[in-house]
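File shown: final01.txt (compact mmCIF, C-alpha atoms).
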```txt
# COMPACT_ATOMS: atom_id res chain seq x y z
CA PHE V 1 97.70 41.04 -20.91
CA LEU V 2 95.30 39.43 -23.32
CA LEU V 3 93.22 38.14 -20.41
CA THR V 4 92.36 41.65 -19.26
CA LYS V 5 90.29 42.36 -22.39
CA SER V 6 87.43 40.27 -20.96
CA HIS V 7 85.90 42.15 -18.03
CA PHE V 8 84.38 39.01 -16.54
CA LEU V 9 87.61 37.02 -16.84
CA ARG V 10 89.63 39.83 -15.29
CA ARG V 11 87.23 40.05 -12.33
CA PHE V 12 87.21 36.25 -12.04
CA LEU V 13 91.02 36.19 -11.93
CA VAL V 14 91.16 38.87 -9.23
CA VAL V 15 88.77 37.05 -6.90
CA GLN V 16 90.29 33.64 -7.67
CA GLY V 17 93.78 35.12 -7.21
CA VAL V 18 92.91 36.55 -3.80
CA GLY V 19 91.53 33.18 -2.69
CA ILE V 20 94.56 31.28 -3.96
CA THR V 21 96.97 33.78 -2.42
CA LEU V 22 95.27 33.69 0.98
CA GLY V 23 95.17 29.90 0.92
CA TRP V 24 98.80 29.62 -0.17
CA TYR V 25 100.11 31.94 2.54
CA ALA V 26 97.87 30.29 5.15
CA ALA V 27 99.49 26.96 4.23
CA LEU V 28 102.98 28.48 4.46
CA CYS V 29 102.17 30.04 7.86
CA ASN V 30 100.80 26.72 9.09
CA ASP V 31 103.97 24.94 8.00
CA TYR V 32 106.05 27.50 9.91
CA VAL V 33 103.92 27.52 13.09
CA LEU V 34 103.49 23.74 13.37
CA HIS V 35 106.79 22.51 11.95
CA ALA V 36 109.20 25.50 12.01
CA ARG V 37 109.68 25.14 8.25
CA VAL V 38 110.12 28.48 6.52
CA TYR V 39 108.94 28.36 2.89
CA HIS V 40 109.80 24.66 2.52
CA ILE V 41 106.55 24.02 0.62
CA LEU V 42 107.51 26.78 -1.79
CA TYR V 43 111.06 25.52 -2.29
CA ARG V 44 109.90 21.96 -2.96
CA ASN V 45 107.39 23.10 -5.60
CA MET V 46 109.70 25.17 -7.74
CA PRO V 47 110.99 23.94 -11.10
CA SER V 48 113.33 20.97 -10.61
CA VAL V 49 116.46 22.92 -11.55
CA MET V 50 115.75 25.26 -8.62
CA THR V 51 114.57 22.54 -6.22
CA ASN V 52 117.71 20.49 -6.90
CA ALA V 53 119.84 23.48 -5.92
CA MET V 54 117.93 23.86 -2.63
CA THR V 55 117.79 20.21 -1.53
CA ASP V 56 120.21 17.40 -0.79
CA SER V 57 120.11 13.85 -2.20
CA LEU V 58 117.40 12.93 0.35
CA GLY V 59 115.20 15.85 -0.67
CA GLU V 60 115.87 17.80 2.53
CA ILE V 61 116.20 21.58 2.33
CA VAL V 62 119.83 22.71 2.69
CA TYR V 63 121.22 26.14 3.46
CA THR V 64 124.25 26.81 1.30
CA ARG V 65 125.32 29.92 -0.53
CA GLN V 66 123.91 28.54 -3.79
CA SER V 67 120.67 27.34 -2.21
CA MET V 68 120.14 30.73 -0.54
CA VAL V 69 120.31 32.42 -3.95
CA PHE V 70 117.68 30.04 -5.31
CA MET V 71 115.58 30.44 -2.15
CA SER V 72 115.62 34.21 -2.59
CA LEU V 73 114.69 33.83 -6.24
CA SER V 74 111.85 31.45 -5.25
CA ILE V 75 110.42 33.99 -2.82
CA ILE V 76 110.64 36.78 -5.40
CA LEU V 77 108.92 34.63 -8.04
CA ASP V 78 106.25 33.63 -5.53
CA LEU V 79 105.51 37.26 -4.65
CA LEU V 80 105.41 38.25 -8.31
CA LEU V 81 103.14 35.39 -9.29
CA HIS V 82 100.68 34.99 -6.41
CA PRO V 83 99.84 38.47 -5.16
CA GLY V 84 101.65 40.19 -8.05
CA LEU V 85 99.46 38.90 -10.88
CA THR V 86 96.34 39.39 -8.77
CA PHE V 87 97.36 43.00 -8.14
CA CYS V 88 97.98 43.54 -11.87
CA MET V 89 94.49 42.26 -12.68
CA TRP V 90 93.00 44.44 -9.93
CA LYS V 91 94.91 47.46 -11.26
CA SER V 92 93.61 46.75 -14.76
CA HIS V 93 90.08 46.50 -13.38
CA ARG V 94 90.51 49.85 -11.61
CA THR V 95 92.04 51.48 -14.69
CA SER V 96 89.00 50.51 -16.75
CA GLY V 97 86.74 52.27 -14.21
CA GLY V 98 85.95 49.31 -12.00
CA ASP V 99 85.81 49.26 -8.24
CA ILE V 100 85.07 46.75 -5.48
CA HIS V 101 81.34 46.92 -6.26
CA THR V 102 81.80 46.05 -9.93
CA LEU V 103 84.37 43.39 -9.03
CA LEU V 104 82.26 41.47 -6.53
CA THR V 105 79.18 40.60 -8.54
CA TRP V 106 77.18 37.46 -7.82
CA ASP V 107 78.24 35.80 -11.08
CA VAL V 108 81.93 36.27 -10.19
CA ILE V 109 81.49 35.20 -6.56
CA VAL V 110 79.59 32.04 -7.44
CA SER V 111 81.71 31.06 -10.44
CA THR V 112 85.04 31.48 -8.62
CA TYR V 113 83.85 29.41 -5.68
CA LEU V 114 82.45 26.71 -7.98
CA PHE V 115 85.69 26.67 -9.96
CA SER V 116 87.64 26.17 -6.75
CA ARG V 117 85.41 23.27 -5.77
CA LEU V 118 85.66 21.83 -9.30
CA TRP V 119 89.46 21.88 -8.94
CA SER V 120 89.13 19.83 -5.75
CA ILE V 121 86.55 17.45 -7.21
CA VAL V 122 88.81 16.71 -10.20
CA HIS V 123 91.87 16.09 -8.02
CA VAL V 124 90.00 13.96 -5.47
CA TYR V 125 88.45 11.86 -8.22
CA TYR V 126 91.67 11.54 -10.23
CA ASN V 127 93.83 10.63 -7.24
CA GLU V 128 91.39 8.73 -5.03
CA GLU V 129 88.62 7.68 -7.45
CA LYS V 130 85.89 9.10 -5.23
CA LEU V 131 83.86 12.29 -5.01
CA GLY V 132 85.03 15.02 -2.65
CA PHE V 133 84.76 18.79 -2.48
CA PHE V 134 88.04 19.38 -0.66
CA TYR V 135 91.28 17.79 -1.80
CA PHE V 136 93.76 16.61 0.86
CA GLY V 137 96.66 14.73 -0.67
CA TYR V 138 100.28 14.50 -1.72
CA ASP V 139 99.66 14.26 -5.47
CA VAL V 140 99.32 17.93 -6.39
CA TYR V 141 102.04 19.58 -4.32
CA LYS V 142 105.26 18.21 -2.87
CA ILE V 143 104.57 18.54 0.85
CA ASP V 144 105.76 16.78 4.00
CA ASP V 145 102.35 16.36 5.62
CA LEU V 146 98.70 17.07 4.90
CA ASP V 147 98.00 19.56 7.67
CA SER V 148 98.66 22.57 5.44
CA TRP V 149 95.54 21.94 3.35
CA LEU V 150 93.10 22.78 6.13
CA PRO V 151 94.35 26.35 6.76
CA ALA V 152 94.26 26.97 3.01
CA TYR V 153 90.61 25.91 2.82
CA LEU V 154 89.78 27.83 6.00
CA ALA V 155 91.33 31.00 4.55
CA GLU V 156 89.32 30.51 1.36
CA GLY V 157 86.17 29.89 3.41
CA VAL V 158 86.67 33.03 5.47
CA LEU V 159 87.25 35.05 2.29
CA TYR V 160 84.04 33.83 0.65
CA THR V 161 82.06 34.26 3.88
CA VAL V 162 83.21 37.87 4.17
CA ILE V 163 82.50 38.52 0.48
CA VAL V 164 79.00 37.01 0.64
CA PHE V 165 78.01 38.88 3.80
CA TRP V 166 79.46 42.12 2.38
CA LYS V 167 77.59 41.59 -0.88
CA ILE V 168 74.29 40.85 0.90
CA HIS V 169 74.77 43.97 3.02
CA MET V 170 75.55 46.10 -0.04
CA ASP V 171 72.54 44.74 -1.96
CA MET V 172 70.07 45.50 0.84
CA PRO V 173 68.03 48.61 0.25
CA VAL V 174 68.87 51.43 2.60
CA LYS V 175 65.95 52.48 4.80
CA ARG V 176 66.04 56.13 5.72
CA PRO V 177 63.58 57.84 8.08
CA TYR V 178 62.67 60.43 5.45
CA ASP V 179 61.64 57.68 2.96
CA ALA V 180 58.55 56.96 5.06
CA GLU V 181 57.73 60.66 5.20
CA LYS V 182 57.90 60.91 1.38
CA LYS V 183 55.42 58.06 0.97
CA SER V 184 52.89 59.59 3.37
CA ASN V 185 52.94 62.98 1.57
```
Kindly return the structure encoded in the file as structure tokens.
Amino acid sequence: FLLTKSHFLRRFLVVQGVGITLGWYAALCNDYVLHARVYHILYRNMPSVMTNAMTDSLGEIVYTRQSMVFMSLSIILDLLLHPGLTFCMWKSHRTSGGDIHTLLTWDVIVSTYLFSRLWSIVHVYYNEEKLGFFYFGYDVYKIDDLDSWLPAYLAEGVLYTVIVFWKIHMDMPVKRPYDAEKKSN
């Protein structure tokens, strides 16, 4: 874990990881609720050797004994990589004496959100040759339709809204009745 030596980078990766994880699982839930597809986005975005074992010649997901093994492996890898790496970074942050207050600093909050928007700007410009802050397209992930992007961005937006309001609340000075009494004495 060479990345965990930098306190800022470790905190950045935790917040970015939570945003990515929430967005990813929001997209998967959307795909299930609207289209009754369970993990199809995940299966289609695995390495080709795995995807080939889970799809037919038309690219449709198939349920065979072999494909079920690869599907199970895909889910395990997904859990290890999305929330798993984020949890490892969080654990490292906690082990070094950090907590939620030292994790959610303004520099981390702003830089992770800006990085997320930069990712979108780059992909929108590269794929559509225009400026946009939210990428909706088929060029980054192998997906059947574009409706899974919106829940991902909504989940990210809710996360950052909660973080910002929490941070503002935590940064506000606490007014206690006895503070006024101290000043008058």
- Item | Expected answer as a list in words: all residues with atoms within 7 Å of (92.4, 48.2, -20.0), all atoms listed in the file |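 The requested residues, written out, are Thr4, Lys5, Ser92, Thr95 and Ser96 of chain V.
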- Message: Env of Tyr160 of chain V: 10 Å cut, atoms = all atoms listed in the file, seq-sep filter 3 positions within chain, self excluded. Answer as a list in words.
- Response: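 Within the cut-off, the hits are Val15, Gly19, Ile109, Val110, Thr112, Tyr113, Leu154, Ala155, Glu156, Gly157, Ile163, Val164, Phe165 and Trp166 of chain V.
The two atoms in question, atom CA of Gln16 of chain V and atom CA of Tyr153 of chain V, are spaced 13.0 Å apart.
Shown here are all protein and nucleic acid residues lying within 9 Å of (105.0, 31.8, -4.9), with only C-alpha atoms considered: Thr21, Trp24, Tyr25, Leu42, Met46, Ser74, Ile75, Ile76, Leu77, Asp78, Leu79, Leu80, Leu81, His82 and Pro83 of chain V.
Straight-line separation from atom CA of Phe87 of chain V to atom CA of Gly23 of chain V: 16.1 Å.
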- Message: Please report the interatomic distance between atom CA of Ser120 of chain V and atom CA of Gly137 of chain V in Å with one decimal.
- Response: 10.4 Å
- Nearby residues (all atoms listed in the file) at most 12 Å from Tyr63 of chain V, same-chain spacing under 2 positions excluded, as a list in words: Val38, His40, Tyr43, Ala53, Met54, Thr55, Asp56, Glu60, Ile61, Arg65, Gln66, Ser67, Met68, Val69, Phe70, Met71 and Ser72 of chain V
Selected residues written out with C-alpha atoms, as a PDB file, in the frame of the given file:
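New file out38.pdb:
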```
ATOM      1  CA  VAL V  38     110.120  28.480   6.520  1.00  0.00           C
ATOM      2  CA  HIS V  40     109.800  24.660   2.520  1.00  0.00           C
ATOM      3  CA  TYR V  43     111.060  25.520  -2.290  1.00  0.00           C
ATOM      4  CA  ALA V  53     119.840  23.480  -5.920  1.00  0.00           C
ATOM      5  CA  MET V  54     117.930  23.860  -2.630  1.00  0.00           C
ATOM      6  CA  THR V  55     117.790  20.210  -1.530  1.00  0.00           C
ATOM      7  CA  ASP V  56     120.210  17.400  -0.790  1.00  0.00           C
ATOM      8  CA  GLU V  60     115.870  17.800   2.530  1.00  0.00           C
ATOM      9  CA  ILE V  61     116.200  21.580   2.330  1.00  0.00           C
ATOM     10  CA  ARG V  65     125.320  29.920  -0.530  1.00  0.00           C
ATOM     11  CA  GLN V  66     123.910  28.540  -3.790  1.00  0.00           C
ATOM     12  CA  SER V  67     120.670  27.340  -2.210  1.00  0.00           C
ATOM     13  CA  MET V  68     120.140  30.730  -0.540  1.00  0.00           C
ATOM     14  CA  VAL V  69     120.310  32.420  -3.950  1.00  0.00           C
ATOM     15  CA  PHE V  70     117.680  30.040  -5.310  1.00  0.00           C
ATOM     16  CA  MET V  71     115.580  30.440  -2.150  1.00  0.00           C
ATOM     17  CA  SER V  72     115.620  34.210  -2.590  1.00  0.00           C
TER      18      SER V  72
END
```
- Given the choices V:Leu103, V:Arg44, V:Tyr39, V:Tyr135, which gets closest to Lys91 of chain V if the distance is worked out from all atoms listed in the file?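 Nearest candidate to Lys91 of chain V out of V:Leu103, V:Arg44, V:Tyr39, V:Tyr135: V:Leu103.
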- Measuring atom to atom with all atoms listed in the file, identify which of V:Val162, V:Val62, V:Asp147, V:His169 is nearest to Cys29 of chain V. V:Asp147
- Message: Considering all atoms listed in the file, can you say which of V:His7, V:Lys142, V:Met170, V:Phe133 comes closest to Ser48 of chain V?
- Response: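 Of V:His7, V:Lys142, V:Met170, V:Phe133, the one nearest Ser48 of chain V is V:Lys142, counting all atoms listed in the file.
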- Using all atoms listed in the file, pick whichever of V:Leu13, V:Met172, V:Val158, V:Ala152 has the shortest atom-to-atom distance to Cys88 of chain V. V:Leu13
- Task: Go through V:Pro151, V:Gly132, V:Gly59, V:Gly98 and flag the residue nearest Arg10 of chain V, using all atoms listed in the file for the distances.
- Result: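 That would be V:Gly98, the residue with the smallest distance to Arg10 of chain V.
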- Item | Minimum-distance residue to Met50 of chain V, chosen among V:Met89, V:Leu73, V:Tyr32, V:Asp171 (using only C-alpha atoms) |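 Checking each of V:Met89, V:Leu73, V:Tyr32, V:Asp171 against Met50 of chain V, counting only C-alpha atoms, the winner is V:Leu73.
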